[in-house]
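*Asks:* File name input.cif; file contents mmCIF, C-alpha atoms and all ligand atoms; full text below.
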data_start
#
loop_
_atom_site.label_atom_id
_atom_site.label_comp_id
_atom_site.auth_asym_id
_atom_site.auth_seq_id
_atom_site.Cartn_x
_atom_site.Cartn_y
_atom_site.Cartn_z
CA MET J 1 25.69 -21.52 -11.66
CA LEU J 2 22.11 -21.93 -12.78
CA ASN J 3 20.37 -18.54 -12.64
CA ILE J 4 16.74 -18.60 -13.77
CA VAL J 5 14.31 -15.74 -14.19
CA LEU J 6 10.90 -17.32 -13.61
CA PHE J 7 8.58 -15.03 -15.47
CA GLY J 8 4.86 -14.55 -15.94
CA PRO J 9 1.89 -12.32 -15.16
CA PRO J 10 0.35 -12.04 -11.66
CA GLY J 11 -1.04 -15.42 -10.65
CA ALA J 12 0.81 -17.37 -13.36
CA GLY J 13 2.26 -19.78 -10.79
CA LYS J 14 5.75 -18.34 -10.29
CA GLY J 15 5.75 -18.92 -6.52
CA THR J 16 4.20 -22.39 -6.85
CA GLN J 17 6.73 -23.57 -9.43
CA SER J 18 9.65 -21.88 -7.61
CA GLU J 19 9.07 -24.15 -4.60
CA LYS J 20 9.43 -27.23 -6.78
CA LEU J 21 12.41 -25.89 -8.71
CA ILE J 22 14.41 -24.96 -5.60
CA ALA J 23 13.89 -28.48 -4.21
CA GLU J 24 14.96 -30.11 -7.49
CA TYR J 25 17.99 -27.94 -8.30
CA GLN J 26 19.06 -26.63 -4.83
CA LEU J 27 18.68 -23.02 -5.87
CA MET J 28 18.12 -19.94 -3.73
CA HIS J 29 14.64 -18.44 -4.19
CA LEU J 30 14.52 -14.64 -4.44
CA SER J 31 10.96 -13.30 -4.68
CA THR J 32 10.78 -9.51 -4.45
CA GLY J 33 7.04 -9.77 -3.66
CA ASP J 34 7.77 -12.06 -0.68
CA ILE J 35 10.63 -9.83 0.51
CA LEU J 36 8.38 -6.73 0.30
CA ARG J 37 5.56 -8.49 2.20
CA GLY J 38 8.19 -9.39 4.85
CA GLU J 39 9.10 -5.70 5.15
CA ILE J 40 5.42 -4.79 5.55
CA ALA J 41 4.94 -7.45 8.23
CA ALA J 42 8.02 -6.16 10.07
CA GLY J 43 6.66 -2.59 9.89
CA THR J 44 9.80 -1.09 8.33
CA ALA J 45 9.86 2.32 6.61
CA LEU J 46 10.45 0.57 3.28
CA GLY J 47 7.45 -1.68 3.91
CA LEU J 48 5.24 1.27 4.74
CA GLU J 49 6.23 3.06 1.55
CA ALA J 50 5.72 -0.06 -0.60
CA LYS J 51 2.38 -1.07 0.92
CA LYS J 52 0.30 1.67 -0.69
CA LEU J 53 1.60 0.83 -4.15
CA MET J 54 1.32 -2.94 -3.70
CA ASP J 55 -2.23 -2.74 -2.34
CA ALA J 56 -3.21 -0.79 -5.47
CA GLY J 57 -1.50 -3.32 -7.76
CA SER J 58 1.17 -0.85 -8.94
CA LEU J 59 4.90 -1.51 -9.14
CA VAL J 60 7.18 -0.14 -6.43
CA PRO J 61 10.13 2.03 -7.59
CA ASP J 62 13.00 0.28 -9.39
CA GLU J 63 15.64 1.57 -6.93
CA VAL J 64 13.85 -0.09 -4.01
CA VAL J 65 13.75 -3.59 -5.51
CA ILE J 66 17.21 -3.35 -7.12
CA GLY J 67 18.67 -2.46 -3.71
CA MET J 68 16.89 -5.42 -2.10
CA ILE J 69 18.18 -7.89 -4.71
CA SER J 70 21.70 -6.49 -4.50
CA SER J 71 21.89 -7.12 -0.76
CA LYS J 72 20.36 -10.62 -1.11
CA LEU J 73 23.03 -11.53 -3.69
CA ASP J 74 25.73 -10.32 -1.29
CA GLN J 75 24.23 -12.32 1.57
CA ASN J 76 24.21 -15.55 -0.46
CA LYS J 77 27.66 -15.64 -2.05
CA ASN J 78 27.94 -19.43 -1.90
CA ALA J 79 24.62 -20.28 -3.57
CA ASP J 80 24.66 -22.75 -6.50
CA GLY J 81 22.28 -20.46 -8.34
CA PHE J 82 19.16 -18.36 -8.00
CA ILE J 83 15.55 -18.36 -9.03
CA PHE J 84 14.41 -14.79 -9.55
CA ASP J 85 10.63 -14.72 -9.02
CA GLY J 86 8.83 -11.46 -9.77
CA PHE J 87 12.14 -9.73 -10.56
CA PRO J 88 13.14 -8.16 -12.91
CA ARG J 89 9.86 -6.45 -13.78
CA THR J 90 11.14 -3.53 -15.87
CA VAL J 91 13.93 -3.12 -18.42
CA LYS J 92 15.77 -0.94 -15.90
CA GLN J 93 15.66 -3.78 -13.35
CA ALA J 94 16.89 -6.30 -15.95
CA GLU J 95 19.83 -4.09 -16.87
CA ALA J 96 20.71 -3.64 -13.18
CA LEU J 97 20.52 -7.40 -12.61
CA ASP J 98 22.86 -8.10 -15.52
CA LYS J 99 25.37 -5.66 -14.02
CA LEU J 100 25.10 -7.10 -10.49
CA LEU J 101 25.63 -10.66 -11.78
CA ALA J 102 28.53 -9.62 -14.03
CA GLN J 103 30.27 -8.17 -10.94
CA LYS J 104 30.03 -11.66 -9.48
CA ASN J 105 31.35 -13.26 -12.70
CA THR J 106 28.02 -14.90 -13.47
CA SER J 107 24.92 -14.20 -15.57
CA ILE J 108 21.32 -15.18 -16.18
CA THR J 109 21.15 -18.67 -17.69
CA MET J 110 17.60 -18.40 -18.99
CA MET J 111 14.21 -16.79 -18.62
CA LEU J 112 11.37 -19.30 -18.24
CA ALA J 113 7.97 -17.74 -18.88
CA LEU J 114 4.65 -19.19 -17.71
CA GLU J 115 1.93 -18.32 -20.25
CA VAL J 116 -1.56 -17.96 -18.72
CA ASN J 117 -4.58 -16.10 -20.12
CA ASP J 118 -6.11 -13.15 -18.24
CA GLU J 119 -9.39 -14.93 -17.45
CA GLU J 120 -7.56 -17.79 -15.69
CA LEU J 121 -5.29 -15.33 -13.83
CA THR J 122 -8.28 -13.37 -12.53
CA LYS J 123 -10.06 -16.55 -11.46
CA ARG J 124 -7.00 -17.85 -9.56
CA LEU J 125 -6.30 -14.56 -7.78
CA LEU J 126 -9.90 -13.88 -6.76
CA PHE J 127 -10.11 -17.42 -5.38
CA ARG J 128 -6.87 -17.01 -3.44
CA GLY J 129 -8.13 -13.64 -2.18
CA LYS J 130 -10.76 -15.44 -0.09
CA PHE J 131 -8.05 -16.68 2.28
CA SER J 132 -4.69 -15.05 1.36
CA GLY J 133 -5.24 -11.79 3.21
CA ARG J 134 -3.48 -10.04 0.29
CA ALA J 135 -5.17 -6.70 -0.41
CA ASP J 136 -4.15 -6.97 -4.07
CA ASP J 137 -6.15 -10.22 -4.49
CA GLN J 138 -9.41 -8.72 -3.23
CA ASN J 139 -11.09 -7.24 -6.27
CA GLU J 140 -11.12 -7.37 -10.04
CA GLU J 141 -10.19 -3.72 -10.48
CA ILE J 142 -6.90 -4.12 -8.61
CA ILE J 143 -6.17 -7.40 -10.39
CA ARG J 144 -6.79 -5.63 -13.72
CA ASN J 145 -4.27 -2.96 -12.69
CA ARG J 146 -1.67 -5.66 -11.84
CA ILE J 147 -2.19 -7.19 -15.30
CA LYS J 148 -1.99 -3.73 -16.91
CA GLU J 149 1.31 -2.97 -15.14
CA TYR J 150 2.59 -6.35 -16.33
CA ASN J 151 1.59 -5.71 -19.96
CA ASN J 152 3.00 -2.17 -20.02
CA LYS J 153 6.22 -2.51 -18.04
CA THR J 154 7.09 -6.18 -17.60
CA ALA J 155 6.10 -8.02 -20.80
CA PRO J 156 8.78 -6.09 -22.80
CA LEU J 157 11.36 -8.18 -20.93
CA LYS J 158 10.51 -11.10 -23.21
CA SER J 159 12.24 -9.21 -26.03
CA TYR J 160 15.08 -8.23 -23.71
CA TYR J 161 15.93 -11.87 -22.99
CA SER J 162 15.06 -13.06 -26.53
CA ALA J 163 17.72 -10.68 -27.81
CA GLN J 164 20.20 -12.59 -25.62
CA SER J 165 18.75 -15.95 -26.86
CA LYS J 166 17.68 -16.74 -23.29
CA PHE J 167 13.88 -16.70 -23.57
CA GLN J 168 11.84 -19.92 -23.26
CA SER J 169 8.16 -20.31 -22.44
CA VAL J 170 5.79 -23.05 -21.30
CA ASN J 171 2.01 -23.27 -21.07
CA GLY J 172 1.14 -22.28 -17.48
CA VAL J 173 -2.36 -23.77 -17.63
CA GLY J 174 -2.60 -27.41 -16.52
CA THR J 175 -1.71 -29.33 -13.38
CA VAL J 176 1.17 -28.07 -11.24
CA ASP J 177 3.10 -31.30 -11.94
CA GLU J 178 2.60 -31.14 -15.71
CA ILE J 179 3.89 -27.57 -15.79
CA PHE J 180 6.84 -28.48 -13.56
CA SER J 181 7.75 -31.33 -15.87
CA ASN J 182 7.74 -28.98 -18.88
CA LEU J 183 9.95 -26.50 -16.99
CA ARG J 184 12.40 -29.32 -16.18
CA GLY J 185 12.50 -30.21 -19.87
CA LYS J 186 13.50 -26.63 -20.75
CA ILE J 187 16.18 -26.53 -18.03
CA ALA J 188 17.62 -29.81 -19.34
CA THR J 189 18.45 -28.02 -22.60
CA VAL J 190 20.85 -25.63 -20.81
CA LYS J 191 22.19 -27.77 -17.96
P1 LIG B 1 4.35 -10.52 -6.42
O1 LIG B 1 4.31 -11.02 -5.05
O2 LIG B 1 5.51 -10.85 -7.28
O3 LIG B 1 2.98 -10.94 -7.10
P2 LIG B 1 2.50 -11.19 -8.61
O4 LIG B 1 3.61 -11.39 -9.57
O5 LIG B 1 1.56 -10.09 -8.91
O6 LIG B 1 1.72 -12.48 -8.54
P3 LIG B 1 1.65 -13.65 -7.50
O7 LIG B 1 2.87 -13.78 -6.68
O8 LIG B 1 0.38 -13.42 -6.81
O9 LIG B 1 1.53 -14.88 -8.50
P4 LIG B 1 2.53 -16.05 -8.88
O10 LIG B 1 2.86 -15.96 -10.31
O11 LIG B 1 3.65 -16.18 -7.90
O12 LIG B 1 1.55 -17.27 -8.73
P5 LIG B 1 1.29 -18.24 -7.46
O13 LIG B 1 2.22 -19.39 -7.52
O14 LIG B 1 1.23 -17.45 -6.23
O15 LIG B 1 4.23 -8.91 -6.42
C1 LIG B 1 3.28 -8.25 -5.63
C2 LIG B 1 3.50 -6.75 -5.70
O16 LIG B 1 4.79 -6.42 -5.15
C3 LIG B 1 3.51 -6.13 -7.11
O17 LIG B 1 2.22 -5.82 -7.57
C4 LIG B 1 4.35 -4.87 -6.85
O18 LIG B 1 3.61 -3.89 -6.22
C5 LIG B 1 5.41 -5.37 -5.87
N1 LIG B 1 6.60 -5.89 -6.54
C6 LIG B 1 7.09 -7.18 -6.44
N2 LIG B 1 8.21 -7.32 -7.17
C7 LIG B 1 8.42 -6.11 -7.76
C8 LIG B 1 9.41 -5.63 -8.67
N3 LIG B 1 10.40 -6.45 -9.10
N4 LIG B 1 9.32 -4.35 -9.09
C9 LIG B 1 8.35 -3.53 -8.66
N5 LIG B 1 7.37 -3.92 -7.80
C10 LIG B 1 7.41 -5.20 -7.36
O19 LIG B 1 -0.16 -18.77 -7.86
C11 LIG B 1 -1.29 -17.92 -7.82
C12 LIG B 1 -2.52 -18.74 -7.39
O20 LIG B 1 -2.80 -19.71 -8.40
C13 LIG B 1 -2.29 -19.54 -6.10
O21 LIG B 1 -3.47 -19.56 -5.36
C14 LIG B 1 -1.91 -20.93 -6.60
O22 LIG B 1 -2.24 -21.94 -5.69
C15 LIG B 1 -2.72 -21.03 -7.88
N6 LIG B 1 -2.07 -21.87 -8.89
C16 LIG B 1 -0.73 -21.99 -9.15
N7 LIG B 1 -0.50 -22.86 -10.16
C17 LIG B 1 -1.73 -23.28 -10.58
C18 LIG B 1 -2.17 -24.17 -11.61
N8 LIG B 1 -1.29 -24.79 -12.40
N9 LIG B 1 -3.50 -24.37 -11.78
C19 LIG B 1 -4.39 -23.72 -10.96
N10 LIG B 1 -4.05 -22.87 -9.95
C20 LIG B 1 -2.73 -22.64 -9.78
MG MG B 2 4.39 -14.93 -6.36
#
Please, can you express the file's structure as structure tokens?
Ligand code: AP5
Ligand code: MG

*Replies:*
Amino acid sequence: MLNIVLFGPPGAGKGTQSEKLIAEYQLMHLSTGDILRGEIAAGTALGLEAKKLMDAGSLVPDEVVIGMISSKLDQNKNADGFIFDGFPRTVKQAEALDKLLAQKNTSITMMLALEVNDEELTKRLLFRGKFSGRADDQNEEIIRNRIKEYNNKTAPLKSYYSAQSKFQSVNGVGTVDEIFSNLRGKIATVK
């Protein structure tokens, strides 16, 4: 199985590159952000609880996203592999993911990080906010909070996966195709 954690700050291009990677490698895409927005759209209790935090650019509780990923893994037992997009986002989530995969006799193959500077992230998200309808794209203060949450809680995962010799990074600034080609080059080293 090829199990990739696609990593990077808000607006780094995780969703954009995931679409290309799933087409190339026939992987299942698991984006906790997309799943949570689906819950909000469906008006579930979970969605209602998550919405306030998401709109403010804060992380939702670990137990909520770990539970969501656990059931998605169970629902997709025959997948050739997964792209985890926006998950894990804390050390606790990474530890839980390792356990869930070990129960299925598999593991994370690699973490691929997209490196993008804060100025470019802010520019991309504010631009998308003009038509995305996402409350968390609407102003610089919320975007700053998303980046702060990333720096405080999520960036430490680079060390977590480095310690397992699974961390690789690419420049996330450039054309979508250039970045995709660099990601393919990194995957070729493990496949
Ligand atoms: P989530 O949905 O994961 O959002 P995010 O990580 O903050 O960032 P985005 O999804 O907006 O960015 P992306 O990296 O996917 O980039 P994209 O391809 O869209 O999470 C949202 C919220 O849900 C969190 O704040 C939290 O509340 C909650 N949540 C989710 N997962 C959680 C978890 N595990 N634990 C706790 N809470 C969780 O691209 C962005 C824009 O840039 C697009 O407009 C795109 O067209 C453009 N773009 C892409 N590539 C390029 C390029 N190369 N050049 C120029 N523009 C580009
Ligand atoms: Mg995304």

*Asks:* Which chains and residue numbers are within 6 Å of ligand LIG 1 (chain B), counting only C-alpha atoms and all ligand atoms, if I want them as a ChimeraX atom specification?

*Replies:* /J:9-16,32-34,53-54,57-62,65,86-89,124-125,128,146,173-176

*Asks:* Write out, as an mmCIF file, keeping the file's coordinate frame, the residues just selected, with C-alpha atoms.

*Replies:*
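What ended up in part_33.cif:
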data_model
loop_
_atom_site.group_PDB
_atom_site.id
_atom_site.type_symbol
_atom_site.label_atom_id
_atom_site.label_comp_id
_atom_site.auth_asym_id
_atom_site.auth_seq_id
_atom_site.Cartn_x
_atom_site.Cartn_y
_atom_site.Cartn_z
ATOM 1 C CA PRO J 9 1.890 -12.320 -15.160
ATOM 2 C CA PRO J 10 0.350 -12.040 -11.660
ATOM 3 C CA GLY J 11 -1.040 -15.420 -10.650
ATOM 4 C CA ALA J 12 0.810 -17.370 -13.360
ATOM 5 C CA GLY J 13 2.260 -19.780 -10.790
ATOM 6 C CA LYS J 14 5.750 -18.340 -10.290
ATOM 7 C CA GLY J 15 5.750 -18.920 -6.520
ATOM 8 C CA THR J 16 4.200 -22.390 -6.850
ATOM 9 C CA THR J 32 10.780 -9.510 -4.450
ATOM 10 C CA GLY J 33 7.040 -9.770 -3.660
ATOM 11 C CA ASP J 34 7.770 -12.060 -0.680
ATOM 12 C CA LEU J 53 1.600 0.830 -4.150
ATOM 13 C CA MET J 54 1.320 -2.940 -3.700
ATOM 14 C CA GLY J 57 -1.500 -3.320 -7.760
ATOM 15 C CA SER J 58 1.170 -0.850 -8.940
ATOM 16 C CA LEU J 59 4.900 -1.510 -9.140
ATOM 17 C CA VAL J 60 7.180 -0.140 -6.430
ATOM 18 C CA PRO J 61 10.130 2.030 -7.590
ATOM 19 C CA ASP J 62 13.000 0.280 -9.390
ATOM 20 C CA VAL J 65 13.750 -3.590 -5.510
ATOM 21 C CA GLY J 86 8.830 -11.460 -9.770
ATOM 22 C CA PHE J 87 12.140 -9.730 -10.560
ATOM 23 C CA PRO J 88 13.140 -8.160 -12.910
ATOM 24 C CA ARG J 89 9.860 -6.450 -13.780
ATOM 25 C CA ARG J 124 -7.000 -17.850 -9.560
ATOM 26 C CA LEU J 125 -6.300 -14.560 -7.780
ATOM 27 C CA ARG J 128 -6.870 -17.010 -3.440
ATOM 28 C CA ARG J 146 -1.670 -5.660 -11.840
ATOM 29 C CA VAL J 173 -2.360 -23.770 -17.630
ATOM 30 C CA GLY J 174 -2.600 -27.410 -16.520
ATOM 31 C CA THR J 175 -1.710 -29.330 -13.380
ATOM 32 C CA VAL J 176 1.170 -28.070 -11.240
#

*Asks:* Please measure the separation of CA of Gly81 in chain J and CA of Gln103 in chain J, giving the value in Å to one decimal.

*Replies:*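 Between these atoms lies a distance of 14.9 Å.
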
*Asks:* Let me make sure I understand: among J:Ala102, J:Leu30, J:Leu21, J:Met1, which one has the smallest atom-to-atom distance to Gly185 in chain J if we use all atoms listed in the file?

*Replies:*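 Closest to Gly185 in chain J, using all atoms listed in the file: J:Leu21.
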
*Asks:* So which one's closest to ligand MG 2 (chain B), J:Lys92, J:Met111, J:Glu39, J:Asp136? Using only C-alpha atoms and all ligand atoms, please.

*Replies:*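 Checking each candidate against ligand MG 2 (chain B), we get J:Asp136 as the closest.
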
*Asks:* Figure out the distance between CA of Ala45 in chain J and CA of Glu19 in chain J, please, to one decimal in Å.

*Replies:* 28.8 Å

*Asks:* With distances taken over all atoms listed in the file, which residue among J:Asp80, J:Glu149, J:Glu141, J:Asp85 lies nearest ligand MG 2 (chain B)?

*Replies:*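 Counting all atoms listed in the file, the residue closest to ligand MG 2 (chain B) is J:Asp85.
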
*Asks:* How many Å separate CA of Phe82 in chain J from CA of Leu27 in chain J?

*Replies:*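 Interatomic distance here is 5.1 Å.
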